[in-house]
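**Student:** My structure is below; once you've seen it, I'll send some questions.
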Amino acid sequence: MKKLLFLLLPFFALQAFAAETIIQSKILKVTLDPAFPRIVQYTWNSSKAVFYGQEDSLSQVRINEQLYTPEVAFTKTANRADYRLNIPEISVVVSIRIIVVGNRVDFAINKIEENGAFAVHTFDIPDANLISARSTQPGASFAGAKMYTAVKGNGDDFLQATDTTSTDSNPKDYLYGILSHNQLAASIWTNSVTEKSDNGRIQKQTSKKNGYVRTGLWSGSWMYRAQGMTEVDPLPEVRIVITNDLNNDQEVNWQDGAIAFRKIMNNPLGSERIPDLVVQRIPMNFASQATNPFTKTLDETKRIYLNTDGLGQFVILKGYGSEGHDSGHPDYGDIGSRQGGAQDMEMLCKAAQIYNAFMGVHINGTESYPEAKAFDEKLVNKEKRGWDWLDASYYIDKRYEATSGNRLQRLKSLKDQVPSLNFIYCDVWYARGSWDSRKLGREIHSLGLTLATEFPSDHEFDAVWNHWAVDYDYGGKNIKGFNSQIVRFIRNHQKDTWIARDPLLGGSEMKDFEGWQGRNNIDSCIRMTFATDLPTKYLQHFPILKWEDHSISLENNVKVGLVEGKRVITRDGRTVLDGGAYLLPWNPLTEEKLYYWNSSEGTTTWDLPVTWSKLKKVVLYRLTDRGREPVQEVPVVNGRIALALNSNTPYVIYKKSVEPIADIHWGEGTFLNDPGFNGGGLKAWTVEGTGASVERNALGQYELVFTPGGSAAVSQKVSGLAPGSYYASVYVSTGNNRVAELEVTGTGWGNTSASCNSSLWKNYIAADSKSDSYLQRMYVFFTVLSATETTTLTLKAGAGSAPVTFDNVRIAPIVYSPKPDSVYFAEDFEHIPSGLYPFVKGPAGGINDPRTHLSERHDPYTQKGWNGKNIDDVISGDWSVKVHGEPAGLMLQTIPQTVRFMPGKTYTVSFKYESSGADHALVVGDGTKISFSMTLTAADLPTTCTFSFVASDSMNSWFGIEKLNEKETDLVLDDLIIMEK
């Protein structure tokens with residue numbers, strides 16, 4: 001009987017509720033249709049001004065692309081209305097609530113009941129017109145934004161609603177939509193999401209009605225349960241906000257609606273951090289080189305902290321996993337051992353918080369590489385190849401990733417190992433804001449991680465940072481950032497996703513120094529930070545209130561405008577930036593200190609902030625690699641100071657003298673103190689002889705330099721070494737037969753050392769801080785038998801007429817077995833410390849990100865026979881060296897820093913190889929000349945190459961692999977053995 005009454009109720013309800021009904025707050029009255037969830041009108045109580053909704057009757061919902069006419073039950077309170085939509089033919093009941101609070105109206109589905117086998121996948125209410133304006137309302141207009149990413153043009157539409165306005169035969173797609181007329185403005189937000197893109201979140205349609213033209217907005221459709229999913233998505237929700245004049249300019253337009261929109265919009269996780277993240281960095285590891293191990297990245301984070309007096313840093317670890325960037329995806333929890341492993345990575349991310357750094361990692365969720373343990377034929381489409389650099393990748397089935405839950409578990413594995421990680425940067429997503437994008441965003445946010453991404457169109461709903469937006473000269477100018485005045489007005493303070501170099505707001509830019517795109521000059525980073533990013537971030541602390549052609553007003557009485565072609569920023573009427581010079585209070589909200597910068601020479605005069613108005617003097621510091629260096633006290637005259645300082649040099653001003661930054665522990669997480677000489681001296685080292693000093697090179701890197709002269713050395717006792725095997729390595733360059741040596745003493749093997757007397761071979765690794773120099777790494781291996789042993793590391797320079805340079809000493813554990821006495825050198829590539837030891841990259845292709853790396857076995861996908869592969873990626877064990885499609889020229893070679901051949905000795909070298917063509921040669925050389933070449937035949941099975949040579953008197957003999965042509969063929973090398981006679 002109760003069921004029968006329920007079924008009959010909607011019929012009688014339709015009769016009883018034929019008249020309109022009202023819910024209201026103190027500010028807003030909302031007129032509803034009780035027969036169907038339809039908003040008819042909004043009335044601003046104080047002025048009786050109105051917005052309209054949908055004046056035409058509605059009766060249908062759309063579920064899974066089919067229209068249904070539900071039976072409707074309705075109840076209400078003073079400010080809330082509830083609709084229960086029963087659809088008997090599919091046994092589905094949808095509950096919708098409309099509630100008004102203040103000037104906000106929420107239209108939300110709060111329950112979907114599936115009482116049978118029918119599963120709801122999509123839902124929407126067609127032609128809903130949740131809010132509309134009419135041409136009969138003076139000033140009626142629409143402002144809408146679509147995704148637009150090119151530097152020129154924008155994605156905004158500003159349309160008047162008049163009797164002659166063009167009508168839309170079908171609804172138009174927008175990401176953001178605002179209506180306004182002379183009395184009120186209204187914005188609409190929705191969590192709409194579809195299979196295709198975010199561009200249809202808002203539906204807009206202009207229609208000709210009887211006596212007026214109507215422009216209406218409503219939500220796009222929702223994915224409630226994506227195809228293939230059993231779990232459901234967040235319930236559909238729309239928020240509408242109505243406002244009068246909010247920016248006190250005595251008029252109402254779209255900008256008032258944009259301000260009000262901030263009260264109803266989603267705020268991406270981490271967006272509140274964006275205004276403080278001034279310095280933009282990408283430490284790069286690539287192709288097994290591990291040029292930026294986690295401990296080195298921490299030291300560089302400390303350097304930036306000192307150089308900027310603690311400004312926030314946004315740091316993407318590109319290549320944190322597997323063999324570096326473009327390796328091992330999507331094994332997100334495979335933290336690269338050569339980079340330092342999970343322990344060092346967590347140490348970095350946790351310690352970086354002390355230095356105001358926001359740490360994240362680069363992942364690829366679109367392509368998978370065969371060495372990844374996650375790789376299989378369910379994950380990828382083996383017929384659809386993606387990026388092919390170190391290895392060919394294959395496109396991931398994103399829906400399989402979502403439905404299986406595997407991706408979330410791999411992300412969780414990363415977060416579990418590195419709980420101090422702050423964000424995920426998702427590269428090459430290519431989903432254009434579809435349901436797949438939203439799903440990934442929810443997964444990442446569920447782990448407490450902020451989301452950044454490469455392209456602005458991929459994760460607009462969730463991402464706070466886009467790589468192509470901040471790396472202005474990287475990539476094409478048609479995909480450079482979200483180009484919209486409307487959206488930037490709304491969210492400028494939340495995101496770094498905009499086209500940079502706006503004449504008023506600027507834009508964050510990146511000029512990093514840790515190997516990305518081969519960049520390695522820290523001074524360029526510091527200059528970009530202060531010349532471009534600090535003013536941008538200053539403005540981002542204040543949401544925008546009014547945007548005119550040549551000026552913008554922001555909160556807290558901040559304004560930016562063009563004055564005679566120069567950008568001028570003021571606060572409280574006082575100039576804080578004038579063209580290329582500024583005196584910017586920081587933190588902008590609390591103004592504890594002032595940063596000074598001037599791109600030109602000359603004296604500048606500034607009004608101090610209101611909060612500094614009673615001071616008689618202030619204290620000026622210059623910012624350097626050592627942090628704040630006192631310059632002078634500056635007198636305050638009538639609230640003003642005059643500064644005549646060096647151009648393009650950062651300074652900071654405090655109200656009174658402050659203590660210097662506490663002594664930085666260089667080398668934290670390593671076994672050494674100041675292994676990169678960033679302390680600027682040799683305080684941490686014991687010096688023997690003369691001529692040893694620490695010098696800052698042209699790129700801003702500190703290096704240990706022995707000037708020409710007698711023998712000298714610096715040494716350091718190494719503490720904290722548990723029993724086990726280790727390697728020590730260091731960059732070194734020398735010349736004119738002056739011996740440079742790395743020695744470790746007091747170990748289980750006694751003394752062990754490596755030396756060289758010439759540096760004739762350039763560093764061609766783009767991601768290496770020493771690229772384009774002659775500094776190469778030299779290695780020694782040693783074993784500690786007891787934790788009580790006293791181990792000493794020494795860097796030596798023999799007597800000679802050339803300078804010797806060392807940098808970036810590293811000691812790390814390694815699996816290592818001593819070779820038999822009968823073998824001069826052996827390497828099976830199973831436990832390489834870094835790089836391609838004993839090989840270095842040759843000049844083929846110049847300084848670049850090479851296509852040669854250590855390849856890892858993952859049967860059957862890395863081996864011959866899978867998907868047409870004609871040779872194995874790994875010959876023996878789990879690792880081999882893979883030369884992949886390199887250009888013609890010398891690709892690999894040993895150097896004396898890695899294998900030193902003694903004069904007059906005969907050496908027999910053998911190794912196994914496979915090759916997809918007879919396109920490579922074994923070469924032997926002396927100095928920079930090739931003296932012998934032997935073509936390696938094509939081989940699809942492991943083949944042994946053996947050759948002998950007599951080492952030259954120069955002690956600069958070497959051997960290597962040369963590419964003979966430009967064919968994109970592969971060579972795999974393993975099990976290298978060298979015998980000496």
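Chain labels run A, B, ... following the order of the structure tokens; each chain numbers its residues from 1, and ligands are numbered from 1 in the order shown.
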Give me every strand (DSSP E) residue in segment 518-602 of chain A, going by DSSP on the backbone, as a PyMOL selection string.

**Tutor:** chain A and resi 544-547+551-554+558-563+566-571+574-578+581-586+593-598

**Student:** Find the spatial neighbours of Ala802 of chain A, counting only C-alpha atoms, within a cut-off of 9 Å - ignore same-chain residues fewer than 2 positions away - and output them as a ChimeraX atom specification.

**Tutor:** /A:706-709,734-738,799-800,804

**Student:** What parts of segment 397-570 of chain A does DSSP call alpha helix (DSSP H)? I'd like the answer as a ChimeraX atom specification.

**Tutor:** /A:398-404,406-417,435-446,467-470,485-491,522-528,534-540

**Student:** I'd like the contact shell of Ala374 of chain A - 12 Å cut-off, only C-alpha atoms, skipping same-chain residues fewer than 6 positions apart - returned as JSON, numbers by chain.

**Tutor:** {"A": [328, 329, 330, 331, 332, 333, 334, 365, 367, 368, 380, 396, 401, 406, 407, 409, 410, 858, 859, 861]}

**Student:** Write out as JSON lines the residues of segment 99-138 of chain A that have any atom within 10 Å of an atom of segment 159-176 of chain A, one row each with the nearest atom pair and its distance in Å to one decimal, counting only C-alpha atoms, sorted by chain and then rising number.

**Tutor:**
{"residue": "A:Pro126", "atom": "CA", "partner": "A:Pro171", "partner_atom": "CA", "distance": 9.7}
{"residue": "A:Asp127", "atom": "CA", "partner": "A:Pro171", "partner_atom": "CA", "distance": 8.3}
{"residue": "A:Ala133", "atom": "CA", "partner": "A:Ala161", "partner_atom": "CA", "distance": 7.6}
{"residue": "A:Arg134", "atom": "CA", "partner": "A:Ala161", "partner_atom": "CA", "distance": 6.5}
{"residue": "A:Ser135", "atom": "CA", "partner": "A:Thr162", "partner_atom": "CA", "distance": 4.4}
{"residue": "A:Thr136", "atom": "CA", "partner": "A:Thr162", "partner_atom": "CA", "distance": 7.5}
{"residue": "A:Gln137", "atom": "CA", "partner": "A:Ala161", "partner_atom": "CA", "distance": 8.6}
{"residue": "A:Pro138", "atom": "CA", "partner": "A:Thr162", "partner_atom": "CA", "distance": 8.9}

**Student:** Taking 5 positions as the minimum chain separation for residues in the same chain, which residues sit within 9 Å of Pro660 of chain A when counting only C-alpha atoms? Answer as number ranges by chain.

**Tutor:** A: 627-629
